[in-house]
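K.L.:
Take a look at this one; I'll ask things after.
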Amino acid sequence: MNLPTFLGGVHPPEGKALTENKVIEILKPSDSREFVYPLSQHIGAPCSPVVAKGDKVLAGQKIADTEAFVSAPIFSAVSGVVKEIAPRMTIAGSVDPCIVIESDGKYERAPSLLDELGHKPTPNEYLKLIRSAGIVGMGGACFPTHVKLSPPKGSVIKWLIVNAAECEPYLSCDNRLMIESPDEVIRGLGYALEMFPEAKGIIAVENNKPEAIRTLQEHNTNPKIEIMPHKVKYPQGAEKMLIWSVTGQEIPVVPALPADVGCILLNTRTSWHICKAIEEGLPVMERVVSVTGDAVNEPKNLQVPLGISVRELLNACGGFKEEPLKVIAGGPMMGLAMRSVDVPVVKGTSGILTLTDKLAYIAEESACIRCGKCVESCPMHLEPTLLDHAVRRRDYASFEAHMGMNCIECGCCAYSCPASRHLTQSFKNGKAAVTAERRKAAAQAKAKQEAK
């Protein structure tokens, strides 16, 4: 059977057997404890607090927001009292402003967003409600969903695609959500389609999730929605790769958007949240997290309130059976190594991966042997070895000229490299340097303009 896919990519060990058959368990601590909410949980402008120290808050109450368009409000998942607004370490390892709420363990609920609206929402009101609910891409990038659903003027949207590939090894939170809540995922996409009547809905799932595919197909009654199995290959769930697989359309350059080729992509959990916001007026207060790896005692899929400490998730899984060499937020290919587990779960936390030295061993780099495996595996059709040499020479002009800014940091090149070159990290450094140079040049140009 010829399933849709893309050129390039790799086939890392899946590791999904640890949690793919684990039913989602609800973790809701009943005793008092701190819940921490970073003010930036999305791409775009960070929020500002709308509560103050000492304020009483309810579960589902908005605690931070901004008037910026590219942003999304933040809600408390618990009832309690605002303990402080102060810098705290986040899951990415940075220390950022956070709202700290001391839970009273009661989970008293604030009025729903529909109570505030006063009537059943119409399709013309969906976008405002999605923004009000704080919905973002829940796959990790956390791009505000209302911005995605507001394409540039003149865009013709032909496809609304739910990215249910979940190609990252070890993670199974989206898989379990499709199995256990297929109707909400389908209806969420259906509501989005009401905003784009001419578009077709696609739920794209990798073929290693047969139960999810079967369940979605059995529950789908919307003639505008197709459940589309895809070939198992990493990074099938990357935006550009999935668009190519589904539509045959190619997003040409970095500044281009999916809307430029008639597409809007939504994460599985994002579609679920759209359904909950429109039908029940629920904001984003919780998410499903896969806690997995060879170092944790009992891998699980946990539904947890946002703001809860990662340590509590690990404790709910029986703690460590062996000291981990590395704990990763996300999956092994694109996840971030964590400095501490005493950090809060945020909107984009899809997984906590614990690895012993058996799996997290990093080999020493050796000289590039010009084998071309990195070129063969790169889904963006770049020349990783050439880009790596440019960054190591600090020749960022060459890095940029050879399309290094198009790198999606998927890790395929580093995974396939027999010399164990740290290619992905090299390209992250190169992109950061180019971005810094661009900002410097823009600031200098602005200063010259103001001086005239």
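Identifiers for the structure tokens are assigned positionally: chains receive A, B, ... in sequence, residues are indexed from 1 per chain, and ligands are indexed from 1 in the order shown.
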Among the residues of range 219-363 of chain A, find those DSSP assigns to strand (DSSP E or B) from the backbone and print them as number ranges by chain.

P.N.:
A: 225-230, 234, 263-267, 286-293, 296, 300-305, 309, 320, 326-329, 336-337, 344, 351-355

K.L.:
What are the DSSP alpha helix (DSSP H) residues of range 58-290 of chain A, as a compact mmCIF listing (two decimals) with N, CA and C atoms, in the first residue's frame?

P.N.:
```
# COMPACT_ATOMS: atom_id res chain seq x y z
N LEU A 113 -16.71 30.42 29.47
CA LEU A 113 -16.65 31.48 28.47
C LEU A 113 -18.00 31.67 27.79
N LEU A 114 -18.82 30.61 27.75
CA LEU A 114 -20.15 30.73 27.16
C LEU A 114 -21.08 31.53 28.06
N ASP A 115 -20.86 31.46 29.39
CA ASP A 115 -21.64 32.29 30.31
C ASP A 115 -21.38 33.77 30.02
N GLU A 116 -20.10 34.08 29.77
CA GLU A 116 -19.74 35.47 29.45
C GLU A 116 -20.34 35.88 28.11
N LEU A 117 -20.38 34.94 27.15
CA LEU A 117 -20.92 35.25 25.83
C LEU A 117 -22.44 35.43 25.89
N PRO A 123 -20.76 30.66 13.98
CA PRO A 123 -19.46 30.56 13.31
C PRO A 123 -18.71 31.89 13.24
N ASN A 124 -19.44 33.00 13.18
CA ASN A 124 -18.77 34.31 13.16
C ASN A 124 -18.11 34.65 14.49
N GLU A 125 -18.50 33.94 15.56
CA GLU A 125 -17.95 34.20 16.89
C GLU A 125 -16.92 33.16 17.31
N TYR A 126 -16.72 32.14 16.48
CA TYR A 126 -15.77 31.07 16.84
C TYR A 126 -14.36 31.61 17.07
N LEU A 127 -13.91 32.48 16.17
CA LEU A 127 -12.54 32.96 16.24
C LEU A 127 -12.28 33.71 17.54
N LYS A 128 -13.20 34.58 17.91
CA LYS A 128 -13.05 35.33 19.16
C LYS A 128 -13.05 34.39 20.35
N LEU A 129 -13.89 33.37 20.31
CA LEU A 129 -13.97 32.42 21.42
C LEU A 129 -12.69 31.60 21.52
N ILE A 130 -12.13 31.21 20.38
CA ILE A 130 -10.87 30.46 20.37
C ILE A 130 -9.74 31.29 20.97
N ARG A 131 -9.72 32.57 20.63
CA ARG A 131 -8.71 33.45 21.21
C ARG A 131 -8.94 33.61 22.71
N SER A 132 -10.21 33.81 23.11
CA SER A 132 -10.54 34.00 24.52
C SER A 132 -10.20 32.78 25.36
N THR A 145 -3.76 29.84 17.98
CA THR A 145 -4.64 29.23 16.98
C THR A 145 -5.50 30.27 16.27
N HIS A 146 -5.93 31.31 16.98
CA HIS A 146 -6.76 32.31 16.31
C HIS A 146 -5.99 33.05 15.22
N VAL A 147 -4.65 33.11 15.36
CA VAL A 147 -3.83 33.73 14.32
C VAL A 147 -3.76 32.81 13.10
N LYS A 148 -3.58 31.51 13.35
CA LYS A 148 -3.58 30.55 12.24
C LYS A 148 -4.90 30.59 11.47
N CYS A 173 0.67 10.77 23.50
CA CYS A 173 -0.46 11.52 24.08
C CYS A 173 -1.53 11.80 23.03
N ASP A 174 -1.13 12.14 21.79
CA ASP A 174 -2.13 12.39 20.73
C ASP A 174 -2.81 11.09 20.31
N ASN A 175 -2.04 10.02 20.25
CA ASN A 175 -2.60 8.72 19.90
C ASN A 175 -3.71 8.33 20.87
N ARG A 176 -3.45 8.46 22.17
CA ARG A 176 -4.45 8.10 23.16
C ARG A 176 -5.66 9.04 23.10
N LEU A 177 -5.43 10.31 22.81
CA LEU A 177 -6.53 11.26 22.71
C LEU A 177 -7.46 10.89 21.56
N MET A 178 -6.89 10.47 20.44
CA MET A 178 -7.72 10.07 19.30
C MET A 178 -8.51 8.79 19.60
N ILE A 179 -7.92 7.89 20.36
CA ILE A 179 -8.59 6.64 20.71
C ILE A 179 -9.71 6.88 21.72
N GLU A 180 -9.44 7.74 22.71
CA GLU A 180 -10.37 7.92 23.82
C GLU A 180 -11.35 9.06 23.62
N PRO A 182 -12.31 10.54 20.23
CA PRO A 182 -12.32 10.81 18.78
C PRO A 182 -13.37 11.83 18.36
N ASP A 183 -14.53 11.80 19.02
CA ASP A 183 -15.61 12.70 18.62
C ASP A 183 -15.22 14.16 18.79
N GLU A 184 -14.55 14.48 19.91
CA GLU A 184 -14.15 15.86 20.16
C GLU A 184 -13.11 16.34 19.15
N VAL A 185 -12.17 15.45 18.79
CA VAL A 185 -11.16 15.81 17.80
C VAL A 185 -11.82 16.10 16.44
N ILE A 186 -12.76 15.23 16.06
CA ILE A 186 -13.45 15.39 14.78
C ILE A 186 -14.33 16.63 14.78
N ARG A 187 -15.08 16.83 15.87
CA ARG A 187 -15.97 17.99 15.92
C ARG A 187 -15.19 19.30 15.97
N GLY A 188 -14.04 19.29 16.63
CA GLY A 188 -13.21 20.50 16.65
C GLY A 188 -12.80 20.90 15.25
N LEU A 189 -12.39 19.92 14.44
CA LEU A 189 -12.05 20.22 13.05
C LEU A 189 -13.28 20.67 12.29
N GLY A 190 -14.43 20.07 12.61
CA GLY A 190 -15.68 20.47 11.95
C GLY A 190 -16.02 21.92 12.21
N TYR A 191 -15.84 22.38 13.44
CA TYR A 191 -16.10 23.79 13.76
C TYR A 191 -15.14 24.70 12.98
N ALA A 192 -13.88 24.31 12.87
CA ALA A 192 -12.92 25.11 12.10
C ALA A 192 -13.34 25.17 10.63
N LEU A 193 -13.87 24.05 10.10
CA LEU A 193 -14.32 24.03 8.71
C LEU A 193 -15.50 24.96 8.47
N GLU A 194 -16.31 25.21 9.50
CA GLU A 194 -17.42 26.13 9.34
C GLU A 194 -16.93 27.55 9.06
N PRO A 210 -2.87 2.11 14.32
CA PRO A 210 -4.05 1.50 13.68
C PRO A 210 -5.33 1.65 14.49
N GLU A 211 -5.24 1.59 15.82
CA GLU A 211 -6.45 1.73 16.63
C GLU A 211 -7.01 3.14 16.52
N ALA A 212 -6.13 4.15 16.52
CA ALA A 212 -6.58 5.54 16.38
C ALA A 212 -7.23 5.75 15.01
N ILE A 213 -6.61 5.21 13.96
CA ILE A 213 -7.16 5.36 12.61
C ILE A 213 -8.54 4.70 12.53
N ARG A 214 -8.63 3.48 13.04
CA ARG A 214 -9.91 2.76 12.99
C ARG A 214 -10.99 3.49 13.80
N THR A 215 -10.62 3.98 14.98
CA THR A 215 -11.59 4.67 15.83
C THR A 215 -12.09 5.95 15.18
N LEU A 216 -11.18 6.73 14.61
CA LEU A 216 -11.58 7.97 13.94
C LEU A 216 -12.49 7.68 12.75
N GLN A 217 -12.14 6.66 11.97
CA GLN A 217 -12.96 6.32 10.80
C GLN A 217 -14.36 5.87 11.22
N GLU A 218 -14.45 5.13 12.31
CA GLU A 218 -15.76 4.67 12.79
C GLU A 218 -16.62 5.81 13.32
N HIS A 219 -15.98 6.83 13.88
CA HIS A 219 -16.73 7.93 14.51
C HIS A 219 -16.96 9.10 13.57
N GLU A 239 5.58 20.57 9.72
CA GLU A 239 4.59 21.33 8.94
C GLU A 239 4.79 21.18 7.43
N LYS A 240 5.99 21.46 6.97
CA LYS A 240 6.25 21.43 5.53
C LYS A 240 6.14 20.02 4.97
N MET A 241 6.60 19.03 5.75
CA MET A 241 6.54 17.65 5.29
C MET A 241 5.09 17.16 5.18
N LEU A 242 4.29 17.51 6.17
CA LEU A 242 2.90 17.04 6.16
C LEU A 242 2.10 17.69 5.04
N ILE A 243 2.34 18.96 4.82
CA ILE A 243 1.64 19.65 3.73
C ILE A 243 1.99 19.02 2.39
N TRP A 244 3.25 18.69 2.20
CA TRP A 244 3.67 18.03 0.96
C TRP A 244 2.99 16.67 0.83
N SER A 245 2.96 15.91 1.92
CA SER A 245 2.39 14.56 1.88
C SER A 245 0.90 14.58 1.57
N VAL A 246 0.19 15.56 2.16
CA VAL A 246 -1.26 15.62 2.00
C VAL A 246 -1.66 16.23 0.67
N THR A 247 -0.99 17.31 0.28
CA THR A 247 -1.47 18.12 -0.85
C THR A 247 -0.55 18.13 -2.06
N THR A 268 -3.66 17.82 17.12
CA THR A 268 -4.76 16.99 17.60
C THR A 268 -5.40 17.58 18.85
N ARG A 269 -4.57 17.91 19.82
CA ARG A 269 -5.08 18.47 21.07
C ARG A 269 -5.71 19.84 20.83
N THR A 270 -5.17 20.59 19.90
CA THR A 270 -5.74 21.89 19.56
C THR A 270 -7.17 21.74 19.06
N SER A 271 -7.39 20.75 18.17
CA SER A 271 -8.74 20.49 17.66
C SER A 271 -9.67 20.11 18.80
N TRP A 272 -9.19 19.31 19.73
CA TRP A 272 -9.97 18.92 20.91
C TRP A 272 -10.36 20.16 21.72
N HIS A 273 -9.42 21.08 21.91
CA HIS A 273 -9.70 22.30 22.68
C HIS A 273 -10.69 23.21 21.95
N ILE A 274 -10.63 23.26 20.62
CA ILE A 274 -11.60 24.06 19.87
C ILE A 274 -13.00 23.55 20.16
N CYS A 275 -13.17 22.24 20.14
CA CYS A 275 -14.47 21.63 20.45
C CYS A 275 -14.93 22.00 21.84
N LYS A 276 -14.06 21.88 22.82
CA LYS A 276 -14.42 22.16 24.22
C LYS A 276 -14.74 23.63 24.43
N ALA A 277 -14.03 24.51 23.74
CA ALA A 277 -14.28 25.95 23.88
C ALA A 277 -15.64 26.31 23.30
N ILE A 278 -15.96 25.79 22.13
CA ILE A 278 -17.20 26.17 21.45
C ILE A 278 -18.42 25.50 22.08
N GLU A 279 -18.27 24.27 22.54
CA GLU A 279 -19.42 23.54 23.10
C GLU A 279 -19.62 23.79 24.59
N GLU A 280 -18.52 23.96 25.33
CA GLU A 280 -18.63 24.07 26.79
C GLU A 280 -18.04 25.35 27.36
```

K.L.:
Using only C-alpha atoms, find the one residue out of A:Ile74, A:Glu286, A:Gly154, A:Ile308 that sits nearest to Glu34 in chain A.

P.N.:
A:Ile308

K.L.:
Need the shell around range 225-234 of chain A: protein/DNA/RNA residues with any atom at most 7 Å away, counting only C-alpha atoms. Skip same-chain ones fewer than 4 positions apart. Format as an MDAnalysis selection string?

P.N.:
chainID A and resid 3:5 9:11 167:168 200:208 216:217

K.L.:
Here is a test: counting only C-alpha atoms, which residue of A:Lys321, A:Lys224, A:Lys53, A:Lys158 is nearest to Gly262 in chain A?

P.N.:
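Looking only at the distances to Gly262 in chain A, the closest residue turns out to be A:Lys158.
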